[in-house]
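File shown: final.tsv (TSV, C-alpha atoms).
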chain	number	residue	atom	x	y	z
A	155	ALA	CA	58.15	0.51	-34.98
A	156	ALA	CA	55.91	3.30	-36.23
A	157	ALA	CA	53.67	0.79	-38.00
A	158	ALA	CA	53.40	-1.33	-34.85
A	159	ASN	CA	52.50	1.74	-32.80
A	160	ALA	CA	49.84	2.78	-35.31
A	161	SER	CA	48.28	-0.69	-35.29
A	162	SER	CA	47.87	-0.52	-31.50
A	163	ILE	CA	45.63	2.56	-31.83
A	164	SER	CA	42.04	1.44	-32.36
A	165	ASN	CA	38.89	3.14	-33.57
A	166	PRO	CA	37.33	5.00	-30.59
A	167	GLY	CA	33.71	4.40	-31.64
A	168	PRO	CA	30.98	7.05	-31.95
A	169	PHE	CA	31.30	10.26	-29.93
A	170	GLU	CA	27.92	9.62	-28.23
A	171	HIS	CA	29.26	6.36	-26.76
A	172	ALA	CA	32.55	7.76	-25.44
A	173	THR	CA	31.28	8.49	-21.92
A	174	MET	CA	28.31	6.11	-21.86
A	175	ASP	CA	30.05	3.14	-20.25
A	176	ALA	CA	31.33	5.25	-17.34
A	177	LYS	CA	28.12	7.27	-16.83
A	178	ARG	CA	25.87	4.21	-16.66
A	179	LEU	CA	27.52	3.22	-13.38
A	180	VAL	CA	26.18	6.39	-11.68
A	181	SER	CA	22.83	6.67	-13.51
A	182	ILE	CA	21.00	3.41	-12.96
A	183	ASP	CA	17.33	3.11	-13.94
A	184	THR	CA	15.13	3.15	-10.83
A	185	TYR	CA	11.34	3.37	-11.01
A	186	ASP	CA	8.18	2.69	-9.06
A	187	GLY	CA	5.22	0.48	-9.89
A	188	PHE	CA	5.38	-2.61	-12.09
A	189	ARG	CA	7.07	-3.00	-15.47
A	190	LEU	CA	6.46	-5.88	-17.86
A	191	ASP	CA	8.33	-6.37	-21.14
A	192	ILE	CA	7.27	-9.22	-23.43
A	193	ASN	CA	9.74	-9.90	-26.25
A	194	LYS	CA	8.76	-12.08	-29.21
A	195	GLN	CA	11.12	-13.14	-31.99
A	196	LEU	CA	8.87	-13.53	-35.04
A	197	SER	CA	11.72	-14.45	-37.40
A	198	PRO	CA	15.53	-14.33	-37.48
A	199	PHE	CA	15.20	-10.71	-38.64
A	200	MET	CA	12.07	-9.39	-36.91
A	201	ALA	CA	11.16	-8.96	-33.24
A	202	VAL	CA	8.36	-7.20	-31.35
A	203	VAL	CA	8.18	-5.93	-27.76
A	204	HIS	CA	5.09	-5.18	-25.65
A	205	SER	CA	5.96	-2.86	-22.73
A	206	PHE	CA	3.64	-2.14	-19.80
A	207	TRP	CA	4.31	0.25	-16.92
A	208	LEU	CA	1.58	0.19	-14.26
A	209	GLY	CA	0.99	1.99	-10.95
A	210	THR	CA	3.67	4.63	-11.39
A	211	SER	CA	3.85	8.26	-10.25
A	212	MET	CA	6.87	9.17	-12.41
A	213	LEU	CA	5.22	9.98	-15.75
A	214	PRO	CA	5.43	13.74	-16.46
A	215	ASP	CA	1.83	14.11	-17.71
A	216	GLY	CA	0.24	12.68	-14.55
A	217	ARG	CA	-0.70	9.27	-15.96
A	218	ASN	CA	-0.19	6.24	-13.73
A	219	LYS	CA	0.15	3.68	-16.52
A	220	THR	CA	1.50	3.40	-20.04
A	221	TYR	CA	1.75	0.85	-22.84
A	222	THR	CA	4.09	0.93	-25.83
A	223	PHE	CA	4.49	-1.41	-28.77
A	224	LEU	CA	7.86	-1.73	-30.50
A	225	THR	CA	8.82	-3.65	-33.62
A	226	GLN	CA	12.27	-4.01	-35.16
A	227	VAL	CA	13.58	-5.52	-38.37
A	228	ALA	CA	17.35	-5.94	-38.64
A	229	ASP	CA	19.90	-7.59	-40.91
A	230	GLU	CA	23.62	-7.28	-41.60
A	231	ALA	CA	23.17	-3.96	-43.43
A	232	GLY	CA	21.04	-2.09	-40.88
A	233	LEU	CA	17.78	-1.93	-38.97
A	234	CYS	CA	14.32	-0.36	-38.96
A	235	MET	CA	12.55	0.31	-35.66
A	236	ALA	CA	9.15	1.80	-34.83
A	237	ARG	CA	7.52	2.45	-31.43
A	238	VAL	CA	3.89	3.38	-30.79
A	239	ASP	CA	2.59	4.92	-27.54
A	240	LEU	CA	-1.20	4.65	-27.59
A	241	GLU	CA	-1.70	6.77	-24.46
A	242	ARG	CA	0.32	9.74	-25.82
A	243	GLN	CA	-0.79	9.08	-29.41
A	244	SER	CA	2.82	9.27	-30.57
A	245	VAL	CA	4.98	7.33	-32.99
A	246	ASP	CA	8.76	7.42	-33.24
A	247	GLY	CA	11.13	5.40	-35.34
A	248	ARG	CA	14.70	4.90	-36.54
A	249	ILE	CA	16.25	3.64	-39.76
A	250	HIS	CA	19.94	2.70	-39.87
A	251	ARG	CA	21.58	1.59	-43.11
A	252	ALA	CA	25.17	0.87	-44.13
A	253	LEU	CA	26.34	2.56	-47.35
A	254	LEU	CA	29.41	2.24	-49.58
A	255	GLY	CA	30.24	-1.20	-48.32
A	256	GLY	CA	30.02	-0.19	-44.66
A	257	LEU	CA	32.24	2.91	-44.91
A	258	VAL	CA	29.27	5.17	-44.10
A	259	THR	CA	26.20	4.55	-41.94
A	260	SER	CA	23.08	6.62	-42.60
A	261	LYS	CA	20.54	7.20	-39.83
A	262	VAL	CA	17.06	8.71	-39.91
A	263	GLN	CA	15.15	9.49	-36.71
A	264	VAL	CA	11.51	10.58	-36.80
A	265	GLY	CA	8.96	11.39	-34.08
A	266	VAL	CA	5.36	12.57	-34.40
A	267	SER	CA	2.64	13.14	-31.78
A	268	ALA	CA	-0.93	14.43	-31.55
A	269	GLU	CA	0.18	17.81	-30.10
A	270	GLY	CA	2.92	18.30	-32.67
A	271	GLN	CA	5.15	20.27	-30.29
A	272	THR	CA	7.81	17.55	-30.07
A	273	ASP	CA	7.74	16.41	-33.71
A	274	GLN	CA	11.19	15.91	-35.18
A	275	LEU	CA	12.98	14.59	-38.25
A	276	LEU	CA	16.72	14.14	-38.05
A	277	GLY	CA	19.15	12.66	-40.56
A	278	GLU	CA	22.72	11.60	-39.71
A	279	LEU	CA	25.80	10.24	-41.44
A	280	ASP	CA	28.44	8.28	-39.49
A	281	PHE	CA	31.85	7.71	-41.02
A	282	GLY	CA	35.38	7.07	-39.84
A	283	GLY	CA	38.79	5.56	-40.31
A	284	ALA	CA	41.16	3.32	-38.43
A	285	THR	CA	41.63	5.77	-35.52
A	286	TRP	CA	38.74	8.26	-35.76
A	287	CYS	CA	34.97	8.69	-36.13
A	288	GLY	CA	32.87	11.57	-37.43
A	289	ASN	CA	29.18	12.45	-37.64
A	290	LEU	CA	27.03	15.00	-39.50
A	291	LYS	CA	23.45	15.89	-38.51
A	292	TYR	CA	20.70	17.82	-40.30
A	293	GLY	CA	16.98	17.97	-39.63
A	294	SER	CA	14.06	19.68	-37.97
A	295	MET	CA	13.45	19.84	-34.22
A	296	GLY	CA	11.25	22.09	-32.08
A	297	GLY	CA	9.88	23.94	-35.12
A	298	GLY	CA	13.28	24.89	-36.56
A	299	LEU	CA	16.21	23.47	-38.46
A	300	VAL	CA	19.07	21.68	-36.71
A	301	TYR	CA	22.70	21.42	-37.87
A	302	GLY	CA	25.31	19.39	-36.04
A	303	CYS	CA	28.61	17.55	-36.27
A	304	ASN	CA	31.05	15.72	-34.02
A	305	TYR	CA	34.52	14.22	-34.27
A	306	ILE	CA	36.47	11.86	-32.01
A	307	GLN	CA	40.09	10.76	-32.40
A	308	SER	CA	42.30	8.13	-30.77
A	309	ILE	CA	45.54	10.01	-30.11
A	310	THR	CA	47.42	7.05	-28.63
A	311	SER	CA	46.37	3.63	-27.39
A	312	ASN	CA	45.43	5.32	-24.08
A	313	TRP	CA	44.24	8.83	-25.02
A	314	VAL	CA	41.01	9.76	-26.85
A	315	ALA	CA	39.71	13.30	-27.50
A	316	GLY	CA	36.65	14.64	-29.27
A	317	GLY	CA	34.13	17.44	-29.63
A	318	GLU	CA	30.58	18.11	-30.77
A	319	GLY	CA	28.69	21.17	-31.99
A	320	MET	CA	25.01	21.72	-32.77
A	321	TYR	CA	22.96	24.75	-33.85
A	322	ILE	CA	19.20	24.82	-33.14
A	323	SER	CA	17.52	27.57	-35.14
A	324	ALA	CA	14.23	27.45	-33.19
A	325	ASN	CA	15.82	29.25	-30.23
A	326	GLN	CA	19.03	30.30	-32.02
A	327	SER	CA	21.22	28.38	-29.60
A	328	LEU	CA	24.67	26.99	-30.31
A	329	LEU	CA	25.55	23.93	-28.22
A	330	SER	CA	28.98	22.38	-27.89
A	331	ASN	CA	30.56	19.56	-25.90
A	332	TYR	CA	34.19	18.54	-25.50
A	333	MET	CA	35.70	15.43	-23.93
A	334	MET	CA	39.02	13.72	-23.26
A	335	LYS	CA	39.42	10.13	-22.07
A	336	TYR	CA	42.41	8.25	-20.68
A	337	THR	CA	42.39	4.47	-20.20
A	338	MET	CA	45.12	2.40	-18.59
A	339	GLU	CA	45.57	-1.14	-17.38
A	340	ALA	CA	45.51	-1.45	-13.62
A	341	PRO	CA	48.62	-3.01	-12.05
A	342	THR	CA	48.12	-6.72	-11.40
A	343	ILE	CA	50.20	-9.79	-10.67
A	344	GLU	CA	50.30	-11.62	-14.00
A	345	THR	CA	50.33	-15.40	-14.13
A	346	SER	CA	50.48	-17.85	-17.01
A	347	LEU	CA	46.78	-18.62	-16.53
A	348	ASP	CA	45.43	-15.09	-17.06
A	349	LYS	CA	47.54	-13.87	-20.00
A	350	GLU	CA	44.61	-14.28	-22.41
A	351	GLU	CA	41.94	-13.01	-20.01
A	352	GLU	CA	40.58	-9.48	-19.85
A	353	LYS	CA	42.69	-7.29	-17.57
A	354	PRO	CA	41.44	-4.80	-14.94
A	355	THR	CA	41.41	-1.23	-16.29
A	356	SER	CA	40.95	2.33	-15.07
A	357	THR	CA	39.29	5.02	-17.22
A	358	MET	CA	39.23	8.76	-16.53
A	359	ILE	CA	37.02	11.13	-18.57
A	360	ALA	CA	36.81	14.93	-18.51
A	361	SER	CA	34.01	16.67	-20.42
A	362	TYR	CA	32.68	20.20	-20.75
A	363	ASN	CA	29.20	21.37	-21.82
A	364	SER	CA	29.36	25.01	-22.90
A	365	ALA	CA	25.58	25.55	-22.92
A	366	GLN	CA	25.28	24.66	-19.24
A	367	SER	CA	28.82	25.77	-18.31
A	368	LEU	CA	29.12	22.32	-16.78
A	369	LEU	CA	32.44	20.58	-16.14
A	370	CYS	CA	32.19	16.84	-15.53
A	371	PHE	CA	34.75	14.25	-14.42
A	372	ASN	CA	34.04	10.51	-14.61
A	373	TYR	CA	36.08	7.61	-13.29
A	374	LYS	CA	35.53	3.92	-14.03
A	375	ARG	CA	37.50	1.11	-12.41
A	376	VAL	CA	37.17	-2.49	-13.55
A	377	VAL	CA	38.24	-4.24	-10.35
A	378	THR	CA	37.44	-7.78	-11.47
A	379	PRO	CA	36.54	-8.17	-15.18
A	380	LYS	CA	32.92	-9.21	-15.72
A	381	ARG	CA	32.40	-9.21	-11.93
A	382	VAL	CA	33.06	-5.94	-10.10
A	383	THR	CA	33.07	-2.46	-11.67
A	384	LEU	CA	33.14	0.82	-9.73
A	385	GLY	CA	32.43	4.36	-10.94
A	386	ALA	CA	32.33	7.97	-9.76
A	387	GLU	CA	31.22	11.31	-11.20
A	388	LEU	CA	31.91	14.89	-10.17
A	389	GLN	CA	29.93	17.72	-11.78
A	390	CYS	CA	30.70	21.39	-11.18
A	391	GLN	CA	29.87	24.80	-12.60
A	392	PRO	CA	33.02	26.97	-12.37
A	393	ALA	CA	31.05	30.23	-12.43
A	394	SER	CA	28.74	29.45	-9.48
A	395	LEU	CA	30.94	26.81	-7.77
A	396	GLU	CA	27.90	24.52	-7.52
A	397	SER	CA	28.83	20.85	-7.58
A	398	ALA	CA	27.42	17.34	-7.30
A	399	VAL	CA	29.12	14.02	-6.70
A	400	MET	CA	27.96	10.43	-7.25
A	401	VAL	CA	29.60	7.06	-6.66
A	402	GLY	CA	28.32	3.74	-7.91
A	403	GLY	CA	29.12	0.10	-8.38
A	404	GLU	CA	28.00	-2.86	-10.45
A	405	PHE	CA	28.40	-6.40	-9.14
A	406	ALA	CA	27.73	-9.34	-11.47
A	407	PHE	CA	27.13	-12.87	-10.26
A	408	THR	CA	26.34	-16.12	-12.04
A	409	ARG	CA	22.67	-15.36	-12.71
A	410	SER	CA	22.15	-11.92	-11.16
A	411	LYS	CA	23.47	-8.36	-11.17
A	412	VAL	CA	23.36	-5.63	-8.50
A	413	GLY	CA	23.77	-1.90	-9.09
A	414	VAL	CA	24.11	0.76	-6.35
A	415	VAL	CA	24.48	4.56	-6.60
A	416	VAL	CA	24.88	7.10	-3.77
A	417	ASP	CA	25.08	10.84	-4.42
A	418	GLY	CA	26.28	13.78	-2.33
A	419	SER	CA	22.78	14.65	-1.10
A	420	GLY	CA	22.34	11.23	0.49
A	421	ARG	CA	20.06	9.76	-2.17
A	422	ILE	CA	20.51	6.00	-2.53
A	423	GLN	CA	19.47	4.05	-5.63
A	424	SER	CA	19.76	0.33	-6.18
A	425	THR	CA	18.66	-2.35	-8.63
A	426	LEU	CA	18.74	-6.13	-8.52
A	427	GLU	CA	18.31	-8.16	-11.71
A	428	THR	CA	18.22	-11.95	-11.70
A	429	LYS	CA	17.58	-14.65	-14.28
A	430	LEU	CA	14.79	-17.09	-13.47
A	431	GLY	CA	16.40	-19.95	-15.39
A	432	ARG	CA	19.69	-21.20	-16.77
A	433	GLU	CA	18.65	-21.46	-20.41
A	434	PRO	CA	19.29	-18.57	-22.85
A	435	GLY	CA	16.23	-16.34	-23.13
A	436	SER	CA	14.96	-17.19	-19.64
A	437	PRO	CA	12.72	-14.56	-17.99
A	438	SER	CA	14.43	-12.04	-15.73
A	439	LEU	CA	13.08	-10.38	-12.58
A	440	THR	CA	14.17	-6.88	-11.54
A	441	PHE	CA	13.75	-4.96	-8.27
A	442	ALA	CA	14.43	-1.20	-8.14
A	443	ALA	CA	14.44	1.14	-5.13
A	444	GLU	CA	15.25	4.78	-4.42
A	445	LEU	CA	15.56	6.51	-1.04
A	446	ASP	CA	16.04	10.28	-0.87
A	447	HIS	CA	16.21	11.51	2.74
A	448	GLY	CA	16.48	15.17	1.76
A	449	LYS	CA	13.25	15.21	-0.29
A	450	ASN	CA	11.50	12.54	1.79
A	451	VAL	CA	10.97	10.42	-1.34
A	452	MET	CA	10.84	6.63	-1.28
A	453	ARG	CA	10.17	4.59	-4.41
A	454	PHE	CA	10.03	0.87	-5.03
A	455	GLY	CA	9.33	-1.00	-8.24
A	456	TYR	CA	9.70	-4.41	-9.76
A	457	GLY	CA	9.74	-5.67	-13.31
A	458	LEU	CA	9.54	-8.83	-15.37
A	459	ASN	CA	11.17	-9.37	-18.75
A	460	ILE	CA	9.90	-12.32	-20.78
A	461	GLY	CA	11.54	-13.51	-23.96

As structure tokens, the full file:
Amino acid sequence: AAAANASSISNPGPFEHATMDAKRLVSIDTYDGFRLDINKQLSPFMAVVHSFWLGTSMLPDGRNKTYTFLTQVADEAGLCMARVDLERQSVDGRIHRALLGGLVTSKVQVGVSAEGQTDQLLGELDFGGATWCGNLKYGSMGGGLVYGCNYIQSITSNWVAGGEGMYISANQSLLSNYMMKYTMEAPTIETSLDKEEEKPTSTMIASYNSAQSLLCFNYKRVVTPKRVTLGAELQCQPASLESAVMVGGEFAFTRSKVGVVVDGSGRIQSTLETKLGREPGSPSLTFAAELDHGKNVMRFGYGLNIG
């Protein structure tokens, strides 16, 4: 019985991904202007992407357009990726490689720019077992050394807990994050036809960021698998009692997907993504909109992804 119980506890995955699936439901990507991504598969292992963003007012340096070129080479053992931004005169890249037969994954992240203020070099090691994952970080960021580590553990088949710590010597700050996640199957009427299908689930996540004294609660509800997913997030600072709430939903159809987010201030964000063909690799068209009554901000954008 103990062996059967242990086998039901799975690896929780990296700590960085623990809350990602729930948070994406309340943090959809809205933009203004026009985006165009052209993807080209040069070989089974190499691909390039040309990305254009035109007529926007959202870039922090005041530009209204940007172009980036990305290339990636990947195989079973890892990947190499590089991205060039000609407008900012910056280059950033990643190298991921499996070591010791896949027991350890090494990662190197590098970023350089003309100003030099945001240059960074960060090395990481990912490792884990049947029910846990760990990570070690070391590098340079913001003109000083960076040390970090995280650990996440599946306690039972439903409970997952983890924590992360990082020290940045440039400003002598110690950052830490803690999280706990509970996942359960939602009650349904089971029939002989859906025994092998994915079941509706509910996921609750509590996390705490010590640097910001921020307490965050996330909820994700898979109402209909691969069709309807709902999410909510509550953020609060116990010291000041300031809080923010967001609710969102994702609705998938045969060739399109709709995302909607509404927060406590009345801001409404929405995206609509649709495929322009039935064949794999068909172009996709995206519409994005944001309406913020409190700040009198209205944004609308559309994008095209080819390849």

**Report entry** Residue neighbourhood stretch 182-191 of chain A, 6 Å, all atoms listed in the file, exclusion window fewer than 4 positions, as a list in words
**Finding:** His204, Ser205, Phe206, Trp207, Leu208, Gly209, Thr210, Ala442, Arg453, Phe454, Gly455, Tyr456, Gly457, Leu458 and Asn459 of chain A

Query raised in the report: Quick one: residues within 6 Å of A:Glu444, all atoms listed in the file counted, chain neighbours fewer than 6 positions away excluded, as a count of residues only?
Result: 4

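Note that atom CA of A:Ile306 and atom CA of A:Ser164 are 11.8 Å apart.
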
Report task. Using atom CA of A:Pro437 and atom CA of A:Ser211 as the two end points, give the distance in Å to one decimal. Result -> 25.7 Å

Requested in this report: Determine, counting all atoms listed in the file, which protein, DNA and RNA residues have an atom within 7 Å of an atom of stretch 223-225 of chain A; residues of the same chain fewer than 5 positions away are not included. Present the result as number ranges by chain.
Outcome: A: 201-205, 235-239

With 3 Å on each side, where is the centre of the axis-aligned box around all listed atoms of stretch 360-376 of chain A, and how long are its edges in Å to one decimal, as JSON?
{"center_x": 31.4, "center_y": 11.6, "center_z": -17.7, "size_x": 18.2, "size_y": 34.3, "size_z": 16.5}

Report task. Quick one: residues within 6 Å of (40.8, 1.3, -11.4) (file frame), counting all atoms listed in the file, please, as an MDAnalysis selection string. Result -> chainID A and resid 340 355:356 375:376

Report summary line: What separates atom CA of A:Leu257 and atom CA of A:Leu290 is a distance of 14.2 Å

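When all atoms listed in the file are used to compute distances to A:Val415, the closest of the residues A:Asp273, A:Arg432, A:Leu445, A:Lys219 turns out to be A:Leu445.
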
Requested in this report: Go ahead and find all residues with at least one atom no further than 8 Å from (24.2, 9.7, -43.3) in the file's coordinates, using all atoms listed in the file; report them as a ChimeraX atom specification.
Outcome: /A:258-262,277-280,290-291
